[in-house]
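Okay, structure first, notes after.
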Amino acid sequence: MTVEECLSEHNAGLGLHPGSGSQQPVLRANRSLGNDRDGLYVCWRVKNGLFENNEIRGNRGAGISIGHKDTDNEFRHNTITGNGKAGVLFRPESEAMGAHRNTFEQNIILDNGMAESGDLAGTGIVILGPHHDLVFRDNTIGHAQPSPGAGPAIRSSQEATGLKADENRFLHVKTPIQRVE
């Protein structure tokens, strides 16, 4: 499946949604703006996908939501800004159902999570559950301006192992990486 240069705007539900079992999907140069839920919902068992040069902005849910056996995907050169919940949300799953070995490289993940409350407020990336071997490399994560509601750039469960966060730029965040139980 390839989706290129499409606009998904002001939908009552999700923006972009590669469906269950999508193998090697390519979503390139799309815009997902102002949708009532997540901007990009990576459905169950999406594997070996490429998500690049997309603009995911101003959605009420997460910018990108990923979870149930979504493995070995690459997200690069995306702009993920101003979404109500986390810029990137790894949904809570069991270890067997985790979203393992996903790579996020050279993305801009700014000003997300400001509609959240409590511990998740103002957080760029939220990892809930035992997702293994996630890579975040050379991304810009945080907030464009100082904000009293800013949380950590990356909030990860202790169960998530093999997390690599190299050469990222953390802007106006409470802390770069927060590990929680």
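Scheme for the structure tokens: letters A, B, ... for chains in order shown; per-chain residue numbers from 1; ligand numbers from 1 in order shown.
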task: From chain A, collect each residue whose DSSP state is helix (DSSP H, G or I) and return the set as a PyMOL selection string.
output: chain A and resi 95-97+118-120
Once you have the residues from the selection above, write them out as a JSON list (two decimals), in the first residue's frame, restricted to C-alpha atoms.
[["chain", "number", "residue", "atom", "x", "y", "z"],
["A", 95, "GLU", "CA", 5.30, -7.96, 25.58],
["A", 96, "ALA", "CA", 4.14, -10.46, 22.95],
["A", 97, "MET", "CA", 1.98, -7.76, 21.36],
["A", 118, "GLY", "CA", -1.39, 14.65, 34.92],
["A", 119, "ASP", "CA", 1.85, 12.84, 34.20],
["A", 120, "LEU", "CA", 1.36, 12.76, 30.43]]
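Summary of the local environment: counting only C-alpha atoms, residues at most 6 Å from Arg137 in chain A, other than itself and those fewer than 3 positions away along its chain, are Glu105, Ala165, Asp166, Glu167 and Asn168 of chain A.
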Please produce a file of those selected residues containing C-alpha atoms, as a short mmCIF file (atom, residue, chain, number, x, y, z; two decimals), in the first residue's frame.
data_model
loop_
_atom_site.label_atom_id
_atom_site.label_comp_id
_atom_site.auth_asym_id
_atom_site.auth_seq_id
_atom_site.Cartn_x
_atom_site.Cartn_y
_atom_site.Cartn_z
CA GLU A 105 14.88 9.56 12.71
CA ALA A 165 17.89 8.03 22.08
CA ASP A 166 20.96 9.43 20.34
CA GLU A 167 21.80 12.86 18.95
CA ASN A 168 18.35 14.32 19.63
#
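The shortest atom-to-atom distance to Pro18 in chain A, with only C-alpha atoms taken into account, belongs to A:Asp70 out of A:Asp133, A:Asp36, A:Glu5, A:Asp70.
The two atoms in question, CA of Ile154 in chain A and CA of Asn53 in chain A, are spaced 21.5 Å apart.
Of note, CA of Ile127 in chain A and CA of Phe90 in chain A are spaced 4.7 Å apart.
Distances here use only C-alpha atoms; by that measure, the residue among A:Ile109, A:Leu40, A:Ile125, A:Cys6 closest to Gln178 in chain A is A:Ile125.
Of the listed residues A:Asp38, A:Glu181, A:Glu116, A:Asp72, the one whose atoms come nearest to Val135 in chain A is A:Asp72, with distances taken using only C-alpha atoms.
All residues of protein, DNA or RNA that reach within 7 Å of Arg60 in chain A, judged by only C-alpha atoms and not counting those fewer than 2 positions away in the chain, are Gly34, Asn35, Asp36, Arg37, Asp38, Gly58, Ala62, Asn83, Gly84 and Lys85 of chain A.
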message: So, with only C-alpha atoms as the atoms that count, which of A:Pro130, A:Gly162, A:Gly124, A:Gly113 lies closest to Lys69 in chain A?
response: A:Pro130
- request: Could you give me, as a VMD selection string, each residue of chain A that DSSP assigns to strand (DSSP E) when run on this structure's backbone?
  value: chain A and resid 2 to 4 7 to 9 26 to 28 31 to 33 40 to 41 50 to 52 55 to 57 64 to 66 74 to 76 79 to 81 88 to 90 103 to 105 108 to 110 125 to 127 135 to 137 140 to 142 154 to 157 164 to 166 169 to 171 177 to 180
field: Residues near range 140-143 of chain A, cut-off 8 Å, only C-alpha atoms, skip fewer than 5 positions along chain, as an MDAnalysis selection string
entry: chainID A and resid 106:112 123:124 150 152:153 168:173
Could those residues be written to a file, using N, CA, C and O atoms, as a PDB file, in the first residue's frame?
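File written: part29.pdb
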ATOM      1  N   GLN A 106      15.210  11.936  12.451  1.00  0.00           N
ATOM      2  CA  GLN A 106      15.134  13.264  11.841  1.00  0.00           C
ATOM      3  C   GLN A 106      13.693  13.776  11.738  1.00  0.00           C
ATOM      4  O   GLN A 106      13.299  14.345  10.719  1.00  0.00           O
ATOM      5  N   ASN A 107      12.920  13.584  12.805  1.00  0.00           N
ATOM      6  CA  ASN A 107      11.561  14.112  12.889  1.00  0.00           C
ATOM      7  C   ASN A 107      11.544  15.360  13.761  1.00  0.00           C
ATOM      8  O   ASN A 107      12.398  15.537  14.624  1.00  0.00           O
ATOM      9  N   ILE A 108      10.560  16.209  13.546  1.00  0.00           N
ATOM     10  CA  ILE A 108      10.307  17.357  14.411  1.00  0.00           C
ATOM     11  C   ILE A 108       9.056  17.023  15.207  1.00  0.00           C
ATOM     12  O   ILE A 108       7.978  16.837  14.634  1.00  0.00           O
ATOM     13  N   ILE A 109       9.203  16.910  16.525  1.00  0.00           N
ATOM     14  CA  ILE A 109       8.113  16.509  17.413  1.00  0.00           C
ATOM     15  C   ILE A 109       7.981  17.608  18.472  1.00  0.00           C
ATOM     16  O   ILE A 109       8.641  17.568  19.515  1.00  0.00           O
ATOM     17  N   LEU A 110       7.164  18.618  18.183  1.00  0.00           N
ATOM     18  CA  LEU A 110       7.086  19.805  19.032  1.00  0.00           C
ATOM     19  C   LEU A 110       5.656  20.144  19.432  1.00  0.00           C
ATOM     20  O   LEU A 110       4.716  19.931  18.658  1.00  0.00           O
ATOM     21  N   ASP A 111       5.529  20.703  20.637  1.00  0.00           N
ATOM     22  CA  ASP A 111       4.282  21.309  21.119  1.00  0.00           C
ATOM     23  C   ASP A 111       3.115  20.335  21.153  1.00  0.00           C
ATOM     24  O   ASP A 111       1.983  20.678  20.829  1.00  0.00           O
ATOM     25  N   ASN A 112       3.377  19.113  21.568  1.00  0.00           N
ATOM     26  CA  ASN A 112       2.339  18.084  21.667  1.00  0.00           C
ATOM     27  C   ASN A 112       1.967  17.844  23.130  1.00  0.00           C
ATOM     28  O   ASN A 112       2.702  18.191  24.032  1.00  0.00           O
ATOM     29  N   THR A 123       4.005  16.016  26.995  1.00  0.00           N
ATOM     30  CA  THR A 123       5.053  15.045  26.679  1.00  0.00           C
ATOM     31  C   THR A 123       5.095  14.771  25.182  1.00  0.00           C
ATOM     32  O   THR A 123       4.072  14.546  24.558  1.00  0.00           O
ATOM     33  N   GLY A 124       6.305  14.757  24.623  1.00  0.00           N
ATOM     34  CA  GLY A 124       6.468  14.531  23.193  1.00  0.00           C
ATOM     35  C   GLY A 124       6.249  13.088  22.787  1.00  0.00           C
ATOM     36  O   GLY A 124       5.526  12.788  21.850  1.00  0.00           O
ATOM     37  N   ALA A 150       5.151  22.060  30.123  1.00  0.00           N
ATOM     38  CA  ALA A 150       6.038  21.133  29.429  1.00  0.00           C
ATOM     39  C   ALA A 150       6.387  19.939  30.318  1.00  0.00           C
ATOM     40  O   ALA A 150       6.719  20.097  31.484  1.00  0.00           O
ATOM     41  N   PRO A 152       8.313  15.758  30.108  1.00  0.00           N
ATOM     42  CA  PRO A 152       9.545  15.203  29.549  1.00  0.00           C
ATOM     43  C   PRO A 152       9.445  15.070  28.033  1.00  0.00           C
ATOM     44  O   PRO A 152       8.348  14.997  27.479  1.00  0.00           O
ATOM     45  N   ALA A 153      10.580  15.017  27.377  1.00  0.00           N
ATOM     46  CA  ALA A 153      10.576  14.779  25.930  1.00  0.00           C
ATOM     47  C   ALA A 153      10.110  13.361  25.650  1.00  0.00           C
ATOM     48  O   ALA A 153       9.243  13.130  24.812  1.00  0.00           O
ATOM     49  N   ASN A 168      19.589  13.555  19.705  1.00  0.00           N
ATOM     50  CA  ASN A 168      18.347  14.318  19.634  1.00  0.00           C
ATOM     51  C   ASN A 168      18.550  15.715  20.213  1.00  0.00           C
ATOM     52  O   ASN A 168      19.437  15.928  21.036  1.00  0.00           O
ATOM     53  N   ARG A 169      17.737  16.647  19.781  1.00  0.00           N
ATOM     54  CA  ARG A 169      17.720  17.996  20.340  1.00  0.00           C
ATOM     55  C   ARG A 169      16.455  18.112  21.177  1.00  0.00           C
ATOM     56  O   ARG A 169      15.347  17.964  20.654  1.00  0.00           O
ATOM     57  N   PHE A 170      16.628  18.359  22.478  1.00  0.00           N
ATOM     58  CA  PHE A 170      15.517  18.482  23.404  1.00  0.00           C
ATOM     59  C   PHE A 170      15.317  19.959  23.720  1.00  0.00           C
ATOM     60  O   PHE A 170      16.214  20.602  24.268  1.00  0.00           O
ATOM     61  N   LEU A 171      14.142  20.496  23.354  1.00  0.00           N
ATOM     62  CA  LEU A 171      13.873  21.911  23.529  1.00  0.00           C
ATOM     63  C   LEU A 171      12.813  22.148  24.607  1.00  0.00           C
ATOM     64  O   LEU A 171      11.712  21.600  24.513  1.00  0.00           O
ATOM     65  N   HIS A 172      13.155  22.958  25.597  1.00  0.00           N
ATOM     66  CA  HIS A 172      12.205  23.431  26.601  1.00  0.00           C
ATOM     67  C   HIS A 172      11.390  22.290  27.208  1.00  0.00           C
ATOM     68  O   HIS A 172      10.158  22.342  27.255  1.00  0.00           O
ATOM     69  N   VAL A 173      12.068  21.241  27.680  1.00  0.00           N
ATOM     70  CA  VAL A 173      11.394  20.107  28.306  1.00  0.00           C
ATOM     71  C   VAL A 173      11.756  20.036  29.786  1.00  0.00           C
ATOM     72  O   VAL A 173      12.773  20.584  30.223  1.00  0.00           O
TER      73      VAL A 173
END
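Residue nearest Arg31 in chain A within the list A:Gly63, A:Pro146, A:Gly87, A:Gly19: A:Gly63 [criterion: smallest interatomic distance, only C-alpha atoms].
In this structure, CA of Arg57 in chain A sits 17.6 Å away from CA of Val3 in chain A.
For the set A:Gly39, A:Glu74, A:Glu159, A:Pro148, the residue with the smallest atom-to-atom gap to Pro92 in chain A is A:Glu159, counting only C-alpha atoms.
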query: If we count only C-alpha atoms, what is near Ser65 in chain A at a cut-off of 6 Å, once residues fewer than 4 positions away on the same chain are taken out, given as an MDAnalysis selection string?
result: chainID A and resid 41:42 89
